[in-house]
Amino acid sequence: MAVFGHLMTDSNRHSETMSVPAAALRARVGPSARLVVVHPPELAQTIALAAAEVVLGRHPGAGQAELGHGSVSRTHLAVSWDAQIRQHVAADLESRNGSWVGGVALAGARRALDDGDVLRLGGVVAVYERGPFEDDAPAPGSVLATALPGTAAAVQRLRKLVRQAGADPSPALVIGETGVGKELLARALHTLSGRQGPLVAVNVAEFSPELIASQLFGHERGAFTGADRAAPGLFRAAHHGTLFLDEIGELPLALQPKLLRALQEGEVRPVGATRSVKVDVRVVAATNRDLAADVESERFRRDLYARLALWELRVPPVRARRVDILAWLAIFVARWRESRPTAGLRALSFDAEAVERLLLHAWPDNLRGLDRLVHRLAADHPAPAVLSLAAIAAHVPAPAAPAPATTAPPAPAPRLPAPTTPAELQAALDAHAGSVRALARHYGRDRRQIYRWLDTFGLRGDE
Amino acid sequence: MTARTESFCPTCTASFGADQRRCPHDGTPLIVLTDADPLLGADIAGRFTIAARLGSGGMGSVYRAVQHSVARDVALKVMHERFSQDMDGVKRFVREARLASRVSHPNTVTVLDFGQTGAGQLYLAMELLRGRSLRDVLRDAGRFPVERAVHIAAQICDALDAAHRESIVHRDLKPSNVVFLEEPPVRDLLKVVDFGLAKSLQGDETTLTDPDAICGTAAYMPPEIVAGLAPTAQSDLYSLGVMLFEMLAGRLPFASPSAEALLLMHVREAPPALDVPCPPALKSLVARLLAKAPEERPSSAAIVREALLASIKGWHAPDSTPAASLPPPDTPDASATGDFALGTAPTAAAGALPSSSPAPKWPRLAAALGAMALLALAGWWLAVGGGRAPTTSPGEAARAGLSPTAGAPAAVSAPAPAPAPPLAQPDAEPPNSPDAASQIGAPAPAPAAPAPAATEPPAPPAAVTLRIESSPPAQATWGEKRLGQTPVDLELPRGDQPVAIRLTRAGYLPETRELTPSEDQTVRVTLTKRPREAPPGADEGFILPK
């Protein structure tokens, strides 16, 4: 405590710059993570992980995580915290049926766990997630339970943000890959806002650049050839409601000041009109592009981005919420059955290896991809059955590059000194073919650290 | 700067004058203590002459110096010698100084030069600020009304955004690193000081030879820094959130007598709710800024700024804004704070900074500056010393060789009373350093103040906004200064000198408009297409070679 001596005698509220040894402090900060058991369904549970070692098994002993499944050994797998690399590490305890991380057998090796890693212990499948956690469960049937179901940590965090954003009329920007349900989220925001007006949804990319101004802001009669009567425009159509602008990144640069003005002043001026009209509209925009990069390349106005993104809602892709993949498949089966009351298929069930494959798949089309899989499997398997890996392999190919052979973290890559110049980092990045994962191994750091460096130096790496 | 020298007996602990060599009581050789500074009057790299020491701290000292080439006062930080022996530290310092010199924004301090003294010490020359730190202003006020807090935070966002765009993270943002300019052209114009530079020497988590050290300020420390991750732009936003909370609530979100406990609170404990009347959108913004995970905070300072300004739109305080917490407004339209600080303040500020000329153009400003003791940006600098009072408090100011009046709240108010200027100069400079005063070579401010406050007309708003729109949008420039793409708002001090704004766009003829900043106005310009040299019918998409 000596290092804090001068601060403790001082009542000035710790407003002095200082430099303190941190090892003891860090040891007390500790990790926040969990293992979510997703298969078999009857074993579903959440195992909290902290700094203390947790042993998973059929009879692992008092205070440990019990997995009552025939394929699990008495003591099967241990997860412990490695303070040096600041990661949890999984080690197989000479189990009879083996342990896998990311589809790769652990054998005798230990392996550091990354957020979202898929673990398999014999016939039990679990997902490793890092905190922080917002343990909430939306009321069944509520707006959020429909628009944003799931228990994945990333979904919990988003749900918390959406609850806050719903009440606030400020513009929101929904950012997410194709097929993650951005419009669904916009509808949820509209419902949560309690706004009386309608939700007007438009896809900016669908308009021709010539027409978009008059579509959005309206036009006067005779404003242009063919404008034989005045049109109010979508902004005014959404008065007292919400205007959802999908693919906002496609808005032509020339029109961006006009949208900015509408957001800032709350008024629009129809094409050909001499005065502006007040509108009360909450704008929710969505994009699947990296709009921040568009800002840097001056394809999107920085001020408009800042004004649109007062709430930034990043919808995680399916591969960032693996915990929920099976639940989503069940949802799509239920929807599929709704229109086919006589169908034989009631539910899809999988064996452990099939579940592991489903969870490890990258799902580039996200929820749409899961929906498509349900339709295909329903066609292949009209009668209920437990689907094995072989049964789904045709639809769900193995990940392109399986994780490399496990290396034991007790001998982690030496921590190279951090790069001090953008050029240095760029050179290292080039040397690793732009792979952040490889670069993380090279420097002996977490991938997130590499991303921070890239951000700091304004560089970009591949996933 | 008074150099005091005394001798001290290690045996009987008595103190004596500087001339004693042995203790008259026990004959022990005395230890000589002196605070004489060998750098006073020194020439630095042939470019600066050090005039006075403004303060010192754990990393070095801050001086007022005269830059020879333009005969202006600058603030010169000279680092302790030990830093120049750390090769990596020097490299980091040079890298950060170079980055910092690229940031040019009215809400940041301009880095003018950096290098090494003859003795090998690192130095950094910056514009000299005169003002009070946010820490002092906030301590006097208790807390701020919502609009003022938002207005201040929005400017900090502007400074952060400018720095973050140059990949500079502040890493130690706190009220003592925010300085209110004296006599700003608009109320509460402030500057964020000390971007990353001090830390470049101390190192941080990723670069320090000892990776197990936390650098920063406990009360404003982002959780991820405590946990051992590298600072990002989002780390600065967390510290901003703490400051915003503090400005609104009049207290810190986390407090503990033990620094260690305080650091852990940043990591573990949910911030308390803001229990003061303020717009719901502002409350939720503070909560987002204080999110434990950096990814959950807004992704840029520009977004925070927009969210701040949007949050108070149409909101009115229930009734009682603590009047005592407001300094006397120096502009009648002080209520217009929410709309201030668009990307336009540059011009307004540049004219007001005293660093550009030894003979200020604004008499009113000169009088006020004279009346104020010099308060450089030394506040943060001294703070490293450990357990000491803030620089800008009267006590510390005196220790740094400044007048005790330096930190007096009156310093924020507008024109000084008439008798003040003649007193000011001796007040500002310690009486026994006449050489320092003469080295400035600047005319004494007092005679330069022909316009006493009494004769001033009841002031119209000090600043006007010129809005420039064009069809189609075009790049607007004012002299060398790029204003960005139209529509742009240009905020200027009221005056009758026209400014020429030039609009350019590829494929269009440039247009220039002379605008007189006598009142708020909007100018719309329609650009004419540049006549094509290519024959009609040539493919529109190409420019034909001549």
# chains A, B, ... in the order shown; residues from 1 in each chain; ligands from 1
>>> residues_around(residues="A:Gln256", least_positions_apart="6", cutoff="9 Å", atoms="only C-alpha atoms", output="count of residues only")
3
>>> residues_around(residues="B:Gln20", least_positions_apart="6", cutoff="12 Å", atoms="only C-alpha atoms", output="list in words")
Thr5, Glu6, Ser7, Phe8, Cys9, Ala14, Gly27, Thr28, Pro29, Leu30, Ile31, Val32 and Leu33 of chain B
>>> atom_distance(atom1="atom CA of B:Arg482", atom2="atom CA of B:Thr504")
10.9 Å
>>> select_by_dssp(residues="stretch 338-435 of chain A", states="helix (DSSP H, G or I)", output="VMD selection string")
chain A and resid 338 352 to 360 367 to 380 389 to 392 422 to 431
>>> atom_distance(atom1="atom CA of A:Pro252", atom2="atom CA of A:Phe224")
19.3 Å
>>> residues_around(residues="B:Ile44", least_positions_apart="5", cutoff="12 Å", atoms="only C-alpha atoms", output="list in words")
Leu39, Thr49, Ile50, Ala51, Tyr63, Ala65, Val66, Gln67, His68, Leu76, Lys77, Val78, Asp113, Phe114, Gly115, Gln116, Thr117, Gly118, Ala119, Gly120, Gln121, Leu122, Tyr123, Leu124 and Ala125 of chain B
>>> residues_around(residues="A:Asp136", least_positions_apart="5", cutoff="10 Å", atoms="only C-alpha atoms", output="JSON, numbers by chain")
{"A": [151, 156, 157, 159, 160]}
>>> write_last_selection(atoms="C-alpha atoms", output="mmCIF file, in the first residue's frame")
data_model
loop_
_atom_site.group_PDB
_atom_site.id
_atom_site.type_symbol
_atom_site.label_atom_id
_atom_site.label_comp_id
_atom_site.auth_asym_id
_atom_site.auth_seq_id
_atom_site.Cartn_x
_atom_site.Cartn_y
_atom_site.Cartn_z
ATOM 1 C CA THR A 151 -29.502 -15.464 -23.796
ATOM 2 C CA GLN A 156 -28.216 -9.355 -23.381
ATOM 3 C CA ARG A 157 -25.993 -6.328 -23.735
ATOM 4 C CA ARG A 159 -31.162 -5.656 -25.238
ATOM 5 C CA LYS A 160 -30.112 -3.417 -22.377
#
>>> closest_residue(among="B:Ala141, B:Met265, B:Ala281, B:Leu503", to="B:Met247", atoms="only C-alpha atoms")
B:Ala141
>>> residues_around(residues="B:Phe245", least_positions_apart="6", cutoff="7 Å", atoms="only C-alpha atoms", output="ChimeraX atom specification")
/B:252-253,286
>>> residues_around(residues="A:Ala398", least_positions_apart="5", cutoff="12 Å", atoms="only C-alpha atoms", output="VMD selection string")
chain A and resid 102 to 103 353 to 354 356 to 363 389 to 390 392 to 393 403
>>> atom_distance(atom1="atom CA of A:Val36", atom2="atom CA of A:Glu129")
7.6 Å
>>> select_by_dssp(residues="stretch 70-108 of chain B", states="strand (DSSP E or B)", output="JSON, numbers by chain")
{"B": [72, 73, 74, 75, 76, 77, 78, 79, 108]}
